[in-house]
>>> print(open('upload.csv').read())   # CSV, C-alpha atoms and all ligand atoms
chain,number,residue,atom,x,y,z
A,27,MET,CA,158.5,54.3,68.6
A,28,HIS,CA,156.4,55.6,71.4
A,29,PHE,CA,153.4,56.4,69.3
A,30,GLN,CA,151.0,57.2,72.2
A,31,SER,CA,153.4,59.8,73.7
A,32,ILE,CA,153.9,61.3,70.2
A,33,LEU,CA,150.2,61.6,69.7
A,34,ASN,CA,149.8,63.2,73.1
A,35,GLU,CA,152.4,65.8,72.2
A,36,VAL,CA,150.9,66.5,68.8
A,37,TYR,CA,147.5,66.9,70.3
A,38,THR,CA,148.6,69.4,73.0
A,39,GLU,CA,150.8,71.4,70.6
A,40,VAL,CA,148.1,71.7,68.0
A,41,LEU,CA,145.5,72.8,70.5
A,42,ALA,CA,147.8,75.6,71.7
A,43,MET,CA,148.0,77.0,68.1
A,44,ASN,CA,146.2,80.1,67.3
A,45,LEU,CA,143.9,79.0,64.5
A,46,ASP,CA,141.0,80.6,62.8
A,47,GLY,CA,139.3,77.8,60.7
A,48,LYS,CA,135.5,77.8,60.4
A,49,VAL,CA,133.0,74.9,60.5
A,50,SER,CA,131.6,74.3,57.0
A,51,GLU,CA,128.3,76.1,56.2
A,52,SER,CA,127.7,74.5,52.8
A,53,ILE,CA,125.5,71.8,54.3
A,54,PRO,CA,123.2,73.4,57.0
A,55,GLU,CA,123.1,70.2,59.1
A,56,LEU,CA,126.9,70.1,59.3
A,57,SER,CA,127.2,73.7,60.5
A,58,LYS,CA,125.7,72.6,63.9
A,59,ILE,CA,128.7,70.5,64.9
A,60,ASN,CA,130.7,71.5,68.0
A,61,PRO,CA,133.8,73.2,66.5
A,62,SER,CA,136.1,72.1,69.4
A,63,LYS,CA,135.8,68.3,68.8
A,64,PHE,CA,139.2,66.9,68.1
A,65,GLY,CA,140.4,63.4,67.8
A,66,ILE,CA,143.3,61.4,66.4
A,67,HIS,CA,143.7,57.7,65.9
A,68,LEU,CA,146.6,55.7,64.7
A,69,THR,CA,146.5,52.0,63.6
A,70,THR,CA,149.8,50.3,62.8
A,71,LEU,CA,150.0,47.3,60.5
A,72,GLU,CA,151.8,45.5,63.3
A,73,GLY,CA,148.6,45.6,65.3
A,74,GLY,CA,149.0,48.8,67.4
A,75,ASN,CA,146.0,51.1,68.1
A,76,PHE,CA,146.6,54.5,69.7
A,77,GLY,CA,144.0,57.2,70.1
A,78,ILE,CA,143.5,60.6,71.8
A,79,GLY,CA,140.7,63.1,72.2
A,80,ASP,CA,137.4,62.5,70.5
A,81,SER,CA,138.8,59.6,68.4
A,82,ASN,CA,135.9,57.3,69.1
A,83,GLU,CA,133.1,59.8,68.3
A,84,ARG,CA,131.5,59.5,64.9
A,85,PHE,CA,131.3,62.4,62.5
A,86,SER,CA,130.2,63.0,58.9
A,87,ILE,CA,133.0,61.5,56.7
A,88,GLN,CA,131.8,63.5,53.6
A,89,SER,CA,134.5,63.4,50.8
A,90,VAL,CA,136.5,60.7,52.6
A,91,SER,CA,133.8,58.4,51.3
A,92,LYS,CA,135.0,59.1,47.7
A,93,THR,CA,138.1,57.0,48.3
A,94,LEU,CA,135.9,54.0,49.3
A,95,THR,CA,133.4,54.2,46.5
A,96,LEU,CA,136.3,54.5,44.1
A,97,ALA,CA,137.8,51.3,45.6
A,98,MET,CA,134.5,49.5,45.1
A,99,ALA,CA,134.2,50.6,41.4
A,100,PHE,CA,137.9,50.0,40.7
A,101,SER,CA,137.7,46.5,42.1
A,102,LYS,CA,134.9,45.6,39.7
A,103,LEU,CA,135.9,47.6,36.6
A,104,GLY,CA,139.7,47.9,36.8
A,105,GLU,CA,141.2,50.3,34.4
A,106,LYS,CA,137.9,50.9,32.6
A,107,VAL,CA,137.1,53.4,35.3
A,108,TRP,CA,139.6,55.8,33.7
A,109,GLU,CA,137.6,55.9,30.5
A,110,ARG,CA,135.1,58.2,32.3
A,111,VAL,CA,137.3,60.0,34.9
A,112,ASP,CA,140.9,61.2,34.7
A,113,VAL,CA,143.7,61.0,37.3
A,114,GLU,CA,145.1,64.5,37.1
A,115,PRO,CA,145.1,67.0,40.0
A,116,SER,CA,142.5,69.7,39.3
A,117,GLY,CA,143.9,72.8,40.9
A,118,ASP,CA,140.3,74.0,41.2
A,119,PRO,CA,137.9,73.9,44.1
A,120,PHE,CA,136.2,70.6,44.7
A,121,ASN,CA,132.8,71.7,43.4
A,122,SER,CA,134.0,73.7,40.4
A,123,LEU,CA,132.0,73.6,37.1
A,124,VAL,CA,134.4,75.4,34.7
A,125,GLN,CA,136.9,72.6,34.0
A,126,LEU,CA,134.1,70.2,33.1
A,127,GLU,CA,133.1,72.3,30.1
A,128,TYR,CA,136.6,72.5,28.7
A,129,GLU,CA,137.2,68.8,29.3
A,130,LYS,CA,133.9,67.7,27.7
A,131,GLY,CA,132.4,66.0,30.7
A,132,ILE,CA,135.4,63.9,31.8
A,133,PRO,CA,136.2,65.0,35.4
A,134,ARG,CA,139.8,65.7,36.2
A,135,ASN,CA,139.9,63.1,39.0
A,136,PRO,CA,137.6,60.9,41.1
A,137,PHE,CA,137.9,63.1,44.2
A,138,ILE,CA,136.5,66.4,42.9
A,139,ASN,CA,132.7,66.3,43.1
A,140,ALA,CA,132.2,65.8,39.4
A,141,GLY,CA,134.5,62.8,39.4
A,142,ALA,CA,132.9,61.3,42.6
A,143,ILE,CA,129.4,61.7,41.0
A,144,VAL,CA,130.6,59.7,38.0
A,145,ILE,CA,131.9,57.0,40.4
A,146,ALA,CA,128.6,57.1,42.2
A,147,ASP,CA,126.9,56.5,38.8
A,148,MET,CA,129.2,53.4,38.3
A,149,ILE,CA,128.2,52.1,41.7
A,150,VAL,CA,124.5,52.5,40.9
A,151,THR,CA,125.0,50.5,37.7
A,152,LEU,CA,127.2,47.8,39.3
A,153,TYR,CA,125.4,47.1,42.5
A,154,GLU,CA,121.9,45.9,42.9
A,155,ASN,CA,121.3,47.7,46.2
A,156,PRO,CA,123.9,50.4,46.1
A,157,LYS,CA,123.2,52.0,49.5
A,158,GLU,CA,123.0,48.7,51.3
A,159,ASP,CA,126.0,47.3,49.5
A,160,PHE,CA,128.1,50.4,50.3
A,161,LEU,CA,127.2,50.1,54.0
A,162,ASP,CA,128.0,46.4,54.0
A,163,PHE,CA,131.4,47.2,52.4
A,164,LEU,CA,132.1,49.8,55.1
A,165,ARG,CA,131.1,47.6,57.9
A,166,ALA,CA,133.2,44.7,56.6
A,167,ILE,CA,136.4,46.7,56.1
A,168,SER,CA,136.1,48.6,59.4
A,169,GLY,CA,134.8,45.7,61.5
A,170,SER,CA,132.0,48.0,62.9
A,171,ASP,CA,128.5,46.7,62.0
A,172,THR,CA,126.7,49.8,63.3
A,173,ILE,CA,128.2,52.2,60.8
A,174,ASN,CA,125.3,54.1,59.1
A,175,TYR,CA,124.1,57.0,57.1
A,176,ASN,CA,122.9,60.1,58.8
A,177,PRO,CA,119.5,60.7,57.0
A,178,ARG,CA,119.3,64.3,58.3
A,179,VAL,CA,122.7,65.2,56.7
A,180,ALA,CA,121.8,63.4,53.5
A,181,GLN,CA,118.5,65.3,53.4
A,182,SER,CA,120.1,68.6,54.2
A,183,GLU,CA,122.5,68.2,51.3
A,184,LYS,CA,119.7,67.1,49.0
A,185,ASP,CA,117.8,70.3,49.9
A,186,THR,CA,120.8,72.6,49.3
A,187,GLY,CA,123.0,70.7,46.8
A,188,PHE,CA,122.3,72.9,43.8
A,189,ARG,CA,125.9,72.8,42.6
A,190,ASN,CA,126.1,69.0,42.7
A,191,ARG,CA,122.8,68.9,40.9
A,192,ALA,CA,124.2,71.2,38.3
A,193,LEU,CA,127.3,69.1,38.0
A,194,ALA,CA,125.3,65.8,37.6
A,195,ASN,CA,123.1,67.3,35.0
A,196,PHE,CA,126.0,68.8,33.1
A,197,LEU,CA,127.7,65.4,33.2
A,198,LYS,CA,124.6,63.8,31.9
A,199,SER,CA,124.5,66.2,29.0
A,200,PHE,CA,127.9,64.9,28.0
A,201,GLY,CA,126.7,61.3,28.3
A,202,ASN,CA,128.9,60.6,31.3
A,203,ILE,CA,126.0,59.6,33.6
A,204,GLU,CA,124.2,56.4,32.7
A,205,ASN,CA,121.5,56.4,35.4
A,206,ASP,CA,118.8,58.7,36.5
A,207,VAL,CA,120.4,61.9,37.9
A,208,ASP,CA,118.2,61.9,41.0
A,209,GLU,CA,119.1,58.3,41.8
A,210,VAL,CA,122.8,58.9,41.4
A,211,LEU,CA,122.6,62.1,43.6
A,212,ASP,CA,120.6,60.2,46.2
A,213,PHE,CA,123.4,57.7,46.4
A,214,TYR,CA,126.1,60.4,46.4
A,215,PHE,CA,124.4,62.4,49.2
A,216,HIS,CA,124.1,59.3,51.3
A,217,GLN,CA,127.7,58.2,50.8
A,218,CYS,CA,128.8,61.6,52.0
A,219,SER,CA,126.5,61.4,55.1
A,220,VAL,CA,128.1,58.3,56.5
A,221,GLU,CA,129.3,58.7,60.1
A,222,MET,CA,132.4,57.0,61.3
A,223,SER,CA,135.0,57.7,64.0
A,224,CYS,CA,138.7,58.3,63.6
A,225,LYS,CA,139.3,54.8,64.8
A,226,GLU,CA,136.8,53.2,62.4
A,227,LEU,CA,138.2,55.2,59.5
A,228,ALA,CA,141.8,54.1,60.4
A,229,GLN,CA,140.6,50.5,60.4
A,230,ALA,CA,138.6,50.9,57.2
A,231,PHE,CA,141.7,52.3,55.4
A,232,TYR,CA,143.9,49.4,56.5
A,233,PHE,CA,143.8,47.7,53.1
A,234,PHE,CA,145.2,50.8,51.4
A,235,ALA,CA,148.3,50.4,53.6
A,236,ASN,CA,148.4,46.6,53.3
A,237,ALA,CA,148.7,46.1,49.5
A,238,GLY,CA,144.9,45.8,49.1
A,239,LYS,CA,144.2,43.3,51.8
A,240,THR,CA,142.1,43.9,55.0
A,241,LYS,CA,143.3,42.9,58.4
A,242,GLU,CA,141.1,39.8,58.1
A,243,GLY,CA,142.9,38.9,54.8
A,244,ASN,CA,140.2,39.9,52.3
A,245,GLN,CA,141.8,41.1,49.1
A,246,ILE,CA,139.8,44.3,48.1
A,247,LEU,CA,142.2,45.6,45.4
A,248,THR,CA,145.3,44.1,43.8
A,249,GLU,CA,148.7,45.4,45.0
A,250,SER,CA,149.0,47.4,41.8
A,251,GLN,CA,145.5,48.9,42.1
A,252,THR,CA,146.2,49.8,45.7
A,253,LYS,CA,149.4,51.6,44.6
A,254,ARG,CA,147.4,53.5,42.0
A,255,LEU,CA,144.6,54.6,44.4
A,256,ASN,CA,147.2,55.7,46.9
A,257,ALA,CA,148.9,57.7,44.2
A,258,ILE,CA,145.6,59.5,43.4
A,259,MET,CA,145.1,60.3,47.1
A,260,GLN,CA,148.6,61.8,47.1
A,261,THR,CA,148.1,64.0,44.1
A,262,CYS,CA,144.3,64.8,44.4
A,263,GLY,CA,143.2,64.0,48.0
A,264,PHE,CA,143.1,67.6,49.4
A,265,TYR,CA,141.2,69.6,46.8
A,266,ASP,CA,143.4,72.4,45.5
A,267,GLU,CA,145.6,72.0,48.5
A,268,SER,CA,147.0,68.6,47.6
A,269,GLY,CA,150.4,70.0,46.8
A,270,GLU,CA,150.6,71.7,50.2
A,271,PHE,CA,149.5,68.5,52.0
A,272,THR,CA,152.2,66.5,50.1
A,273,TYR,CA,154.8,69.2,50.9
A,274,LYS,CA,154.0,69.5,54.6
A,275,VAL,CA,152.8,66.0,55.5
A,276,GLY,CA,154.2,63.7,52.8
A,277,LEU,CA,151.6,61.0,53.0
A,278,PRO,CA,148.7,60.0,50.7
A,279,GLY,CA,145.4,60.8,52.2
A,280,LYS,CA,141.9,62.2,51.8
A,281,SER,CA,140.0,64.9,53.6
A,282,GLY,CA,136.3,65.8,53.9
A,283,ILE,CA,134.4,68.9,54.8
A,284,GLY,CA,133.1,67.2,57.9
A,285,GLY,CA,136.6,67.9,59.2
A,286,GLY,CA,138.0,64.4,58.9
A,287,ILE,CA,141.3,63.4,57.3
A,288,VAL,CA,142.7,59.9,56.8
A,289,ALA,CA,146.4,59.5,55.7
A,290,LEU,CA,148.5,56.4,55.5
A,291,PHE,CA,152.0,55.1,55.1
A,292,PRO,CA,152.0,51.9,53.0
A,293,LYS,CA,153.1,48.9,55.0
A,294,GLU,CA,153.4,50.9,58.2
A,295,PHE,CA,150.3,52.8,59.5
A,296,ILE,CA,147.0,54.6,58.9
A,297,ILE,CA,146.2,57.8,60.8
A,298,ALA,CA,142.8,59.6,61.0
A,299,THR,CA,142.1,63.0,62.5
A,300,TRP,CA,138.9,65.0,63.1
A,301,ASN,CA,138.3,68.6,63.9
A,302,PRO,CA,135.4,70.4,62.1
A,303,ARG,CA,137.1,73.8,61.6
A,304,LEU,CA,138.2,74.1,58.0
A,305,ASN,CA,140.7,76.4,56.3
A,306,GLU,CA,139.7,78.3,53.3
A,307,LYS,CA,140.5,75.4,51.0
A,308,GLY,CA,138.0,73.2,52.9
A,309,ASN,CA,140.5,71.0,54.8
A,310,SER,CA,140.6,70.6,58.5
A,311,GLU,CA,143.1,73.1,59.8
A,312,LEU,CA,143.9,71.3,63.0
A,313,GLY,CA,144.1,68.0,61.2
A,314,MET,CA,146.6,69.3,58.7
A,315,HIS,CA,148.8,70.7,61.5
A,316,ALA,CA,148.5,67.6,63.5
A,317,LEU,CA,149.6,65.4,60.6
A,318,GLU,CA,152.5,67.7,59.7
A,319,LEU,CA,153.7,67.5,63.3
A,320,PHE,CA,153.2,63.7,63.4
A,321,THR,CA,155.3,63.0,60.3
A,322,THR,CA,158.0,65.6,61.5
A,323,LYS,CA,158.3,64.1,65.0
A,324,THR,CA,158.3,60.4,63.8
A,325,GLY,CA,160.3,61.0,60.6
A,326,MET,CA,157.7,58.8,58.9
A,327,SER,CA,156.7,60.3,55.6
A,328,ILE,CA,156.9,58.5,52.3
A,329,PHE,CA,159.4,61.1,51.0
B,1,LIG,N1,129.0,66.3,50.3
B,1,LIG,C1,129.9,67.4,50.0
B,1,LIG,C2,129.7,68.0,48.7
B,1,LIG,O1,129.4,67.4,47.8
B,1,LIG,C3,131.3,66.8,50.1
B,1,LIG,C4,132.4,67.8,49.9
B,1,LIG,C5,133.6,67.4,50.6
B,1,LIG,O2,133.6,66.8,51.7
B,1,LIG,O3,134.6,67.8,50.0
B,1,LIG,O4,129.7,69.2,48.6
>>> encode(input="upload.csv", output="structure tokens")
Amino acid sequence: MHFQSILNEVYTEVLAMNLDGKVSESIPELSKINPSKFGIHLTTLEGGNFGIGDSNERFSIQSVSKTLTLAMAFSKLGEKVWERVDVEPSGDPFNSLVQLEYEKGIPRNPFINAGAIVIADMIVTLYENPKEDFLDFLRAISGSDTINYNPRVAQSEKDTGFRNRALANFLKSFGNIENDVDEVLDFYFHQCSVEMSCKELAQAFYFFANAGKTKEGNQILTESQTKRLNAIMQTCGFYDESGEFTYKVGLPGKSGIGGGIVALFPKEFIIATWNPRLNEKGNSELGMHALELFTTKTGMSIF
């Protein structure tokens, strides 16, 4: 398969589309990003690396980080994670409060904000230096030891994260947050502020495509746990557009409001895209189209 020429075609075709997505305004610091940035990177398990556009430029990974904190918590706690978070698609926006009340403080899944905040609480309990340990984990799985938080983005979200603060307090009122709410939110805002490039994300997600093992051979999750996390990405990875992403792209993946998307084909490849313009569901409009074209042209979807 000529992956580089397929990526080149996808890139050109997507840029020619008439799209109207908007850069997220929910975090003031993120709204300053140049909307025309666009990159794609593909890593194959056979060892190929193919990139185009701004694929080496770092951006705010935002909710893509939720997959990685979940992997950290799942690797330590195993199935106990699901005593505090469910694995069902939510069908509601990522920052919705209503479902939590009906479901008595058990978030629908670990990728809506409520679920990710419960996972952040688990990390704060499990790790001695949660922020350092999370960075160490990211650096190890991506092979890039300069990956870091963007303190301005973390602060900007802290200043304006009223909804996340409400969610965390609401969860605490149900007894589903063990630690101090501010400490948990500080970790959550930092994990969202991490900056990585498409290439680094593709490398970091290698273990999800490789039965839980990194390129260097470190077993992060068991094969069964990896299958399970990929299944949650498939059913819950794109907010209330997860069905649409499955229908059009046909790969497990995760998006973030920084405009990044990572998707993978177990045993074959990992692909990451970035363009900050989001559709009304909060997913990168160009990224969704690019991945749809990629799986159509290559015939490589898991379905
Ligand atoms: N930091 C963002 C928030 O909590 C993440 C949202 C996202 O990327 O989906 O609102």
>>> closest_residue(input="upload.csv", among="A:Asn202, A:Thr93, A:Ser101, A:Ser168", to="Ile132 (chain A)", atoms="all atoms listed in the file")
A:Asn202
>>> residues_near_ligand(input="upload.csv", ligand="ligand LIG 1 (chain B)", cutoff="6 Å", atoms="all atoms listed in the file", output="PyMOL selection string")
chain A and resi 88-89+139+218+282-283
>>> residues_around(input="upload.csv", residues="Ala97 (chain A)", least_positions_apart="3", cutoff="12 Å", atoms="all atoms listed in the file", output="PyMOL selection string")
chain A and resi 90-94+100-105+107+136-137+142+145-146+148-149+160+163-164+167+230-231+233-234+238-239+245-248+251-256+258-259
>>> closest_residue(input="upload.csv", among="A:Gly243, A:Pro156, A:Gly169, A:Gly65", to="Leu312 (chain A)", atoms="all atoms listed in the file")
A:Gly65
>>> residues_around(input="upload.csv", residues="Gly131 (chain A)", least_positions_apart="5", cutoff="6 Å", atoms="all atoms listed in the file", output="mmCIF file with C-alpha atoms, in the coordinates of the input")
data_model
loop_
_atom_site.group_PDB
_atom_site.id
_atom_site.type_symbol
_atom_site.label_atom_id
_atom_site.label_comp_id
_atom_site.auth_asym_id
_atom_site.auth_seq_id
_atom_site.Cartn_x
_atom_site.Cartn_y
_atom_site.Cartn_z
ATOM 1 C CA LEU A 126 134.100 70.200 33.100
ATOM 2 C CA LEU A 197 127.700 65.400 33.200
ATOM 3 C CA PHE A 200 127.900 64.900 28.000
#
>>> residues_around(input="upload.csv", residues="region 297-310 of chain A", least_positions_apart="5", cutoff="8 Å", atoms="all atoms listed in the file", output="PyMOL selection string")
chain A and resi 46-50+59-69+80-81+119+224-225+227-228+264-267+281-290+316
>>> residues_near_point(input="upload.csv", point="(119.4, 68.9, 50.2)", cutoff="12 Å", atoms="all atoms listed in the file", output="PDB file with C-alpha atoms, in the frame of the given file")
ATOM      1  CA  SER A  52     127.700  74.500  52.800  1.00  0.00           C
ATOM      2  CA  ILE A  53     125.500  71.800  54.300  1.00  0.00           C
ATOM      3  CA  PRO A  54     123.200  73.400  57.000  1.00  0.00           C
ATOM      4  CA  GLU A  55     123.100  70.200  59.100  1.00  0.00           C
ATOM      5  CA  LEU A  56     126.900  70.100  59.300  1.00  0.00           C
ATOM      6  CA  PRO A 177     119.500  60.700  57.000  1.00  0.00           C
ATOM      7  CA  ARG A 178     119.300  64.300  58.300  1.00  0.00           C
ATOM      8  CA  VAL A 179     122.700  65.200  56.700  1.00  0.00           C
ATOM      9  CA  ALA A 180     121.800  63.400  53.500  1.00  0.00           C
ATOM     10  CA  GLN A 181     118.500  65.300  53.400  1.00  0.00           C
ATOM     11  CA  SER A 182     120.100  68.600  54.200  1.00  0.00           C
ATOM     12  CA  GLU A 183     122.500  68.200  51.300  1.00  0.00           C
ATOM     13  CA  LYS A 184     119.700  67.100  49.000  1.00  0.00           C
ATOM     14  CA  ASP A 185     117.800  70.300  49.900  1.00  0.00           C
ATOM     15  CA  THR A 186     120.800  72.600  49.300  1.00  0.00           C
ATOM     16  CA  GLY A 187     123.000  70.700  46.800  1.00  0.00           C
ATOM     17  CA  PHE A 188     122.300  72.900  43.800  1.00  0.00           C
ATOM     18  CA  ARG A 189     125.900  72.800  42.600  1.00  0.00           C
ATOM     19  CA  ASN A 190     126.100  69.000  42.700  1.00  0.00           C
ATOM     20  CA  ARG A 191     122.800  68.900  40.900  1.00  0.00           C
ATOM     21  CA  ASP A 208     118.200  61.900  41.000  1.00  0.00           C
ATOM     22  CA  LEU A 211     122.600  62.100  43.600  1.00  0.00           C
ATOM     23  CA  ASP A 212     120.600  60.200  46.200  1.00  0.00           C
ATOM     24  CA  TYR A 214     126.100  60.400  46.400  1.00  0.00           C
ATOM     25  CA  PHE A 215     124.400  62.400  49.200  1.00  0.00           C
ATOM     26  CA  HIS A 216     124.100  59.300  51.300  1.00  0.00           C
ATOM     27  CA  SER A 219     126.500  61.400  55.100  1.00  0.00           C
TER      28      SER A 219
END
>>> atom_distance(input="upload.csv", atom1="CA of Arg165 (chain A)", atom2="CA of Glu209 (chain A)")
22.8 Å
>>> closest_residue(input="upload.csv", among="A:Lys293, A:Lys106, A:Arg134, A:Lys157", to="Met326 (chain A)", atoms="only C-alpha atoms")
A:Lys293
>>> closest_residue(input="upload.csv", among="A:Thr261, A:Asn176, A:Asn121, A:Gln30", to="Gly141 (chain A)", atoms="only C-alpha atoms")
A:Asn121
>>> atom_distance(input="upload.csv", atom1="CA of Glu226 (chain A)", atom2="CA of Gly279 (chain A)")
15.4 Å
>>> residues_near_point(input="upload.csv", point="(155.7, 63.5, 53.6)", cutoff="8 Å", atoms="only C-alpha atoms", output="PDB file with C-alpha atoms, in the frame of the given file")
ATOM      1  CA  THR A 272     152.200  66.500  50.100  1.00  0.00           C
ATOM      2  CA  TYR A 273     154.800  69.200  50.900  1.00  0.00           C
ATOM      3  CA  LYS A 274     154.000  69.500  54.600  1.00  0.00           C
ATOM      4  CA  VAL A 275     152.800  66.000  55.500  1.00  0.00           C
ATOM      5  CA  GLY A 276     154.200  63.700  52.800  1.00  0.00           C
ATOM      6  CA  LEU A 277     151.600  61.000  53.000  1.00  0.00           C
ATOM      7  CA  THR A 321     155.300  63.000  60.300  1.00  0.00           C
ATOM      8  CA  MET A 326     157.700  58.800  58.900  1.00  0.00           C
ATOM      9  CA  SER A 327     156.700  60.300  55.600  1.00  0.00           C
ATOM     10  CA  ILE A 328     156.900  58.500  52.300  1.00  0.00           C
ATOM     11  CA  PHE A 329     159.400  61.100  51.000  1.00  0.00           C
TER      12      PHE A 329
END
>>> atom_distance(input="upload.csv", atom1="CA of Lys241 (chain A)", atom2="CA of Glu294 (chain A)")
12.9 Å
>>> closest_residue(input="upload.csv", among="A:Glu127, A:Glu270, A:Ile143, A:Gly79", to="Ser199 (chain A)", atoms="only C-alpha atoms")
A:Glu127
>>> closest_residue(input="upload.csv", among="A:Thr172, A:Thr70, A:Asn75, A:Ser122", to="Asn236 (chain A)", atoms="all atoms listed in the file")
A:Thr70
